[in-house]
Structures are given as structure tokens and as C-alpha cells.
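**Student:** Can you read through this structure? Questions will come right after.
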Amino acid sequence: MLEFNLQFFADEDKTEEPTQKKLTDAREEGQVAKSKEVSNCLGLFIFFLVIRFMAGSIGNKLIAIIQNVYQLIPVMTVYPSGNMPTREVSILFREGIVNVVTIILPILLLGYAVAFIGDVAQVKWKPTAKPLKPKLSKLNPAKGLKRIFSGRSLVELLKSILKLIIVGTLCYTYVKEKAFLVLTFYDLPLMKAVALIGTTITDLGIRISAVYIVIAAADFGYQKWKFHKDMKMTKQEVKDEYKQAEGDPHVKAKIKSKMMEAARRRMMQAVPQADVVITNPTHYAVAVKYDPAERDAPYVLAKGEGYLAQRIKEIAKENKVEIVENKPVARALYHNVEIGESVPPEMYQAIAEILAFVYNLQGRI
């Protein structure tokens with residue numbers, strides 16, 4: 001009997017929140033929580049809304065273009081063949097295209113501008129060209145099939161089917177309600193019939209856009225949740241990122257240890273220059289020097305506790321530096337004065353008495 005641990009084949013769970021560095025890197029790569037439905041629905045809604053309130057003006061301009069074309073029909077009879085020359089037909093056709101584009105282009109540009117604003121509102125303005133760079137991995141058939149049959153593709157398919165069902169149902173219901181209007185077209189003047197058709201189409205478009213906005217809001221929430229889920233990290237990824245950003249903790253510890261060792265060596269090398277080593281006597285040892293040419297007050301050359309204190313005393317003995325036992329002064333210097341700092345004024349009297357005692361022993365006073 002063989003036992004299988006399925007966790008061995010599974011990926012490590014992404015349980016950690018994404019770091020700011022990963023979110024920033026993803027943003028630079030063009031990976032953001034964005035729903036294309038938001039920009040699409042806003043553009044569609046503004047398009048139909050503008051058409052709804054400008055339908056009369058647009059209709060009059062289009063009719064004027066058509067009337068201009070029909071007014072030229074009598075002119076054709078002037079020519080022997082009954083047809084206008086190709087050059088004049090081309091000019092007429094070009095002018096008609098320009099007039100139509102002049103009418104429609106501002107509306108389309110407004111729709112695109114609103115869609116662009118919708119994108120910026122979702123992800124803010126930070127353009128990047130990295131998504132446009134060619135990647136050989138995109139040419140991999142295996143990865144292409146994986147993208148096609150991925151969970152994301154399935155969600156997009158279900159979303160498209162849902163949109164089709166909702167929009168189709170809305171169109172069917174609305175058109176069914178307005179079907180009786182077709183019977184009234186025969187009794188209406190041409191302009192009123194065209195206006196009625198335009199109003200019906202734009203009203204339907206606005207309704208579809210309003211429903212689309214609800215779909216887009218739901219999709220935006222889903223995209224935010226999906227992006228956050230995809231950006232989550234494993235514990236190992238967090239550790240690796242920390243190592244890259246801050247350095248390997250083990251390496252940093254070794255560097256710090258070497259730096260402390262070098263500082264201790266420099267400190268020990270300075271002990272022979274001291275005037276006196278003040279001890280606890282077993283716990284602390286502080287080497288003090290006074291040189292009026294260098295400073296106005298005595299200063300600490302070295303200090304240590306435990307093993308370091310013993311080494312300081314050993315070096316002091318080897319170099320014939322006086323060792324004076326004074327528990328309060330040694331403890332106060334060790335805890336309050338760093339290496340290289342001057343003795344504080346409140347300790348001048350105590351240090352002066354110790355130095356005077358040492359100088360007297362050495363016959364310097």
C-alpha cells in the first residue's frame with residue numbers, strides 16, 4: 001500500500017496580502033483592476049443621450065444633405081447622355097461624406113472621451129508602454145490554449161452570455177410594447193415618422209445603457225476582487241521580496257557582526273592611550289583619557305561589560321595603564337557616555353579626583 005500526499009503536487013497557497021512593491025510593479029506592467037464594461041457603458045450612454053437631445057438638429061442636417069442631392073437630379077438632364085460627369089459625381093459624393101462625418105464625428109469623439117475618462121477614473125493616469133512590447137511567451141501554443149480554457153475565459157464567456165440575455169430581453173420587451181407604432185406610420189408626415197423612429201431607437205439605447213451601467217458596476221467589483229486575489233503572495237514570495245529590497249537578513253547580520261568586531265578592535269587599540277581604566281571591578285570597565293590640547297573635558301576611549309571589561313583590564317595592565325576601582329563612576333560612565341564622547345559636567349568632580357589620584361601615583365603632580 002502506498003500513501004500519496006496530494007499537497008506535494010499543489011502550489012503553495014497565496015495567503016499574504018500583496019506588498020506595495022508588487023502592486024507598483026504590476027502597475028508598471030499594465031496589470032490593473034479595470035473593467036472595460038465601465039468605459040463601454042459610459043460611452044454608449046453618452047452617445048444615445050446626445051442623440052436623444054440632438055436628434056432634431058442632426059435630422060435636419062441629414063435631410064438637407066439628401067435634399068441637396070435630389071436638387072441635382074434635374075441638372076442631369078442637361079447633359080446629352082443624361083448622366084453627370086464622373087468628376088462632378090466624385091465631388092458631390094466627397095462633399096456628402098464630409099458633411100455626414102462633420103455631423104457624426106463630434107458625437108463619436110464625445111463618446112470616446114467619456115470612455116477614456118471612465119478608464120482614468122478606474123486606474124488613474126499612469127501610461128506605460130510595457131504591455132505593447134512583444135513577448136515570445138505569447139507565441140507559445142500551450143500557453144495560448146491555457147488562456148483560452150482558463151477560468152478567466154470562462155467568466156468572460158458567461159458574462160457575455162448574461163449580457164446578451166439581459167439586453168435581448170430588454171430589446172424584445174420594449175420593441176413589443178412599441179410595435180403598434182408601425183401601424184401609425186402611414187398616417188404621419190415623413191418628418192414626424194422619422195422623428196418617432198429616432199425617438200424610439202434612442203429611448204431603447206438609453207434603457208440598454210442604463211442596464212449596462214448596472215452590469216458594469218458589478219463587473220468592476222468583480223475585477224477589483226479578482227485582481228486583489230491574483231496579486232496575493234505566498235509566504236516565500238514575501239520573504240524573497242524582502243531579501244531583494246532589504247538584503248538577506250543572514251548577510252546583514254554577518255556584516256553587522258564584522259562591523260562590531262572591527263569597532264571592538266579599534267576600541268581595544270585605543271586602551272593603551274588612556275590615562276586610567278575605571279572598573280566596577282568585575283562587571284564594567286571604562287577607559288578615560290584627558291588631553292587639554294584636544295578637548296576641554298575628559299572623554300571615553302573604550303568601555304565594556306563582562307568579557308570585554310576583562311580584556312580592557314588585561315590590555316591596561318600590559319601597557320601599564322592605571323586601573324582604579326570605583327563602582328558608581330564606572331557604572332554611570334558605561335550607561336551614560338558613549339565611546340568618543342566627553343564626560344558630562346555633573347561627573348567632572350568625580351573624574352577629576354580619580355585623575356588626580358592617578359597623576360599622584362605616577363608622580364605627574
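Following the order of the C-alpha cells, chains are lettered A, B, ..., residues in each are numbered from 1, and ligands are numbered from 1.
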Would you pick out the contacts of A:Gln310 at 12 Å or less, using only C-alpha atoms, so that residues sharing its chain but fewer than 3 positions from it are not included, and give the list as a list in words?

**Tutor:**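 Once the adjacent positions are removed, what remains is Met268, Val277, Ile278, Thr279, Asn280, Pro281, Thr282, His283, Tyr284, Ala285, Val286, Lys303, Gly304, Glu305, Gly306, Tyr307, Lys313, Glu314, Ile315, Ala316, Lys317 and Ile323 of chain A.
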
**Student:** Can you pull out the residues contacting stretch 63-70 of chain A? Cut-off 9 Å, using only C-alpha atoms, and skip same-chain residues under 6 positions away; I want them as number ranges by chain.

**Tutor:** A: 92, 96, 99-100

**Student:** Could those residues be written to a file, using C-alpha atoms, as a PDB file, in the first residue's frame?

**Tutor:**
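Output saved as result.pdb:
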ATOM      1  CA  LEU A  92     -20.692  65.533 -54.906  1.00  0.00           C
ATOM      2  CA  GLY A  96     -21.711  64.343 -48.852  1.00  0.00           C
ATOM      3  CA  ASN A  99     -20.988  66.628 -44.308  1.00  0.00           C
ATOM      4  CA  VAL A 100     -22.023  63.321 -42.702  1.00  0.00           C
TER       5      VAL A 100
END

**Student:** Rank nothing, just name the residue among A:Ala121, A:Leu301, A:Val271, A:Ile166 nearest to A:Ser342, using only C-alpha atoms.

**Tutor:**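 Closest to A:Ser342, using only C-alpha atoms: A:Leu301.
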
**Student:** Quick one: pick out all strand (DSSP E or B) residues within stretch 295-356 of chain A from a backbone DSSP run and write them as a ChimeraX atom specification.

**Tutor:** /A:299-305,322-325,342

**Student:** Taking only C-alpha atoms into account, name the residue in A:Trp225, A:Phe93, A:Phe116, A:Tyr174 that is nearest to A:Asp203.

**Tutor:**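 Closest candidate: A:Tyr174.
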
**Student:** Name the residues in contact with A:Tyr212 at a cut-off of 10 Å, using only C-alpha atoms, excluding same-chain residues fewer than 6 positions from it; report them as an MDAnalysis selection string.

**Tutor:** chainID A and resid 37:38 40:42 44:45 163 166:167 206 218

**Student:** For the residues in that selection, give me N, CA and C atoms as a compact mmCIF listing (two decimals), in the first residue's frame.

**Tutor:**
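Written file, selection_4.txt:
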# COMPACT_ATOMS: atom_id res chain seq x y z
N GLU A 37 -16.08 47.15 -19.23
CA GLU A 37 -17.51 47.42 -19.33
C GLU A 37 -17.86 48.82 -18.87
N VAL A 38 -17.08 49.36 -17.91
CA VAL A 38 -17.38 50.70 -17.38
C VAL A 38 -17.23 51.74 -18.48
N ASN A 40 -17.13 51.23 -21.70
CA ASN A 40 -18.07 50.95 -22.80
C ASN A 40 -19.47 51.46 -22.50
N CYS A 41 -19.94 51.20 -21.28
CA CYS A 41 -21.32 51.60 -20.94
C CYS A 41 -21.44 53.12 -20.84
N LEU A 42 -20.39 53.79 -20.33
CA LEU A 42 -20.45 55.25 -20.25
C LEU A 42 -20.45 55.87 -21.64
N LEU A 44 -21.46 54.45 -24.42
CA LEU A 44 -22.74 54.14 -25.05
C LEU A 44 -23.86 55.03 -24.51
N PHE A 45 -23.85 55.22 -23.19
CA PHE A 45 -24.91 56.04 -22.56
C PHE A 45 -24.84 57.49 -23.05
N LYS A 163 -24.98 39.19 -20.57
CA LYS A 163 -25.28 40.49 -21.19
C LYS A 163 -26.22 40.31 -22.38
N ILE A 166 -29.77 39.60 -21.07
CA ILE A 166 -30.41 40.78 -20.46
C ILE A 166 -30.78 41.81 -21.52
N VAL A 167 -29.81 42.14 -22.40
CA VAL A 167 -30.06 43.15 -23.42
C VAL A 167 -31.11 42.65 -24.41
N ILE A 206 -30.91 54.28 -24.55
CA ILE A 206 -30.69 54.79 -23.20
C ILE A 206 -31.05 53.73 -22.16
N ALA A 218 -21.20 45.89 -11.45
CA ALA A 218 -20.96 44.55 -10.91
C ALA A 218 -19.65 43.98 -11.43

**Student:** Counting only C-alpha atoms, what is within 9 Å of A:Glu241, bar same-chain residues fewer than 5 positions away, as a list in words?

**Tutor:**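 The residues satisfying every condition are Thr19, Lys21, Lys22, Gln236 and Glu246 of chain A.
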
**Student:** Mind dumping the selected residues with N, CA and C atoms as an mmCIF file, in the first residue's frame?

**Tutor:**
data_model
loop_
_atom_site.group_PDB
_atom_site.id
_atom_site.type_symbol
_atom_site.label_atom_id
_atom_site.label_comp_id
_atom_site.auth_asym_id
_atom_site.auth_seq_id
_atom_site.Cartn_x
_atom_site.Cartn_y
_atom_site.Cartn_z
ATOM 1 N N THR A 19 2.262 43.197 -1.422
ATOM 2 C CA THR A 19 3.065 44.316 -0.945
ATOM 3 C C THR A 19 2.928 45.492 -1.903
ATOM 4 N N LYS A 21 5.297 47.045 -3.278
ATOM 5 C CA LYS A 21 6.238 46.855 -4.388
ATOM 6 C C LYS A 21 5.611 46.005 -5.491
ATOM 7 N N LYS A 22 4.922 44.939 -5.111
ATOM 8 C CA LYS A 22 4.301 44.084 -6.129
ATOM 9 C C LYS A 22 3.197 44.837 -6.861
ATOM 10 N N GLN A 236 6.695 32.539 0.877
ATOM 11 C CA GLN A 236 8.036 32.517 0.304
ATOM 12 C C GLN A 236 8.271 33.728 -0.596
ATOM 13 N N GLU A 246 15.607 44.575 1.124
ATOM 14 C CA GLU A 246 16.376 44.923 2.313
ATOM 15 C C GLU A 246 17.699 44.167 2.417
#

**Student:** Tell me, as a compact mmCIF listing (two decimals) with N, CA and C atoms, in the first residue's frame, which residues lie within 9 Å of A:Leu170, counting only C-alpha atoms; anything in the same chain fewer than 6 positions away does not count.

**Tutor:**
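And here's part-v6.txt as it stands now:
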# COMPACT_ATOMS: atom_id res chain seq x y z
N LEU A 204 -34.63 53.33 -26.51
CA LEU A 204 -34.19 51.96 -26.29
C LEU A 204 -32.69 51.93 -25.97
N ARG A 207 -32.13 53.00 -22.39
CA ARG A 207 -32.52 51.93 -21.47
C ARG A 207 -31.44 50.84 -21.41
N ILE A 208 -30.97 50.47 -22.61
CA ILE A 208 -29.91 49.45 -22.65
C ILE A 208 -28.67 49.95 -21.90
N VAL A 211 -29.12 49.75 -18.09
CA VAL A 211 -28.94 48.38 -17.61
C VAL A 211 -27.47 47.99 -17.68

**Student:** Extract, using only C-alpha atoms, all DNA, RNA and protein residues at most 12 Å from A:Asp230, discarding same-chain residues fewer than 2 positions from it, and format them as a ChimeraX atom specification.

**Tutor:** /A:13-18,22-23,26,31-33,152,223-228,232-234

**Student:** Tell me, in Å to one decimal, how far atom CA of A:Thr184 is from atom CA of A:Thr202.

**Tutor:**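 The value is 18.9 Å.
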
**Student:** Please provide as a PyMOL selection string all residues within 9 Å of stretch 336-340 of chain A, with the sequence filter that same-chain residues fewer than 5 positions apart are discarded (counting only C-alpha atoms).

**Tutor:** chain A and resi 267+299-303+331

**Student:** Provide the atom CA of A:Ile213 to atom CA of A:Gly198 distance in Å, to one decimal place.

**Tutor:** 22.3 Å

**Student:** Which of these residues is nearest to A:Thr200, using only C-alpha atoms: A:Val238, A:Ala297, A:Val182, A:Met260?

**Tutor:**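 Selected residue with least distance to A:Thr200: A:Val182.
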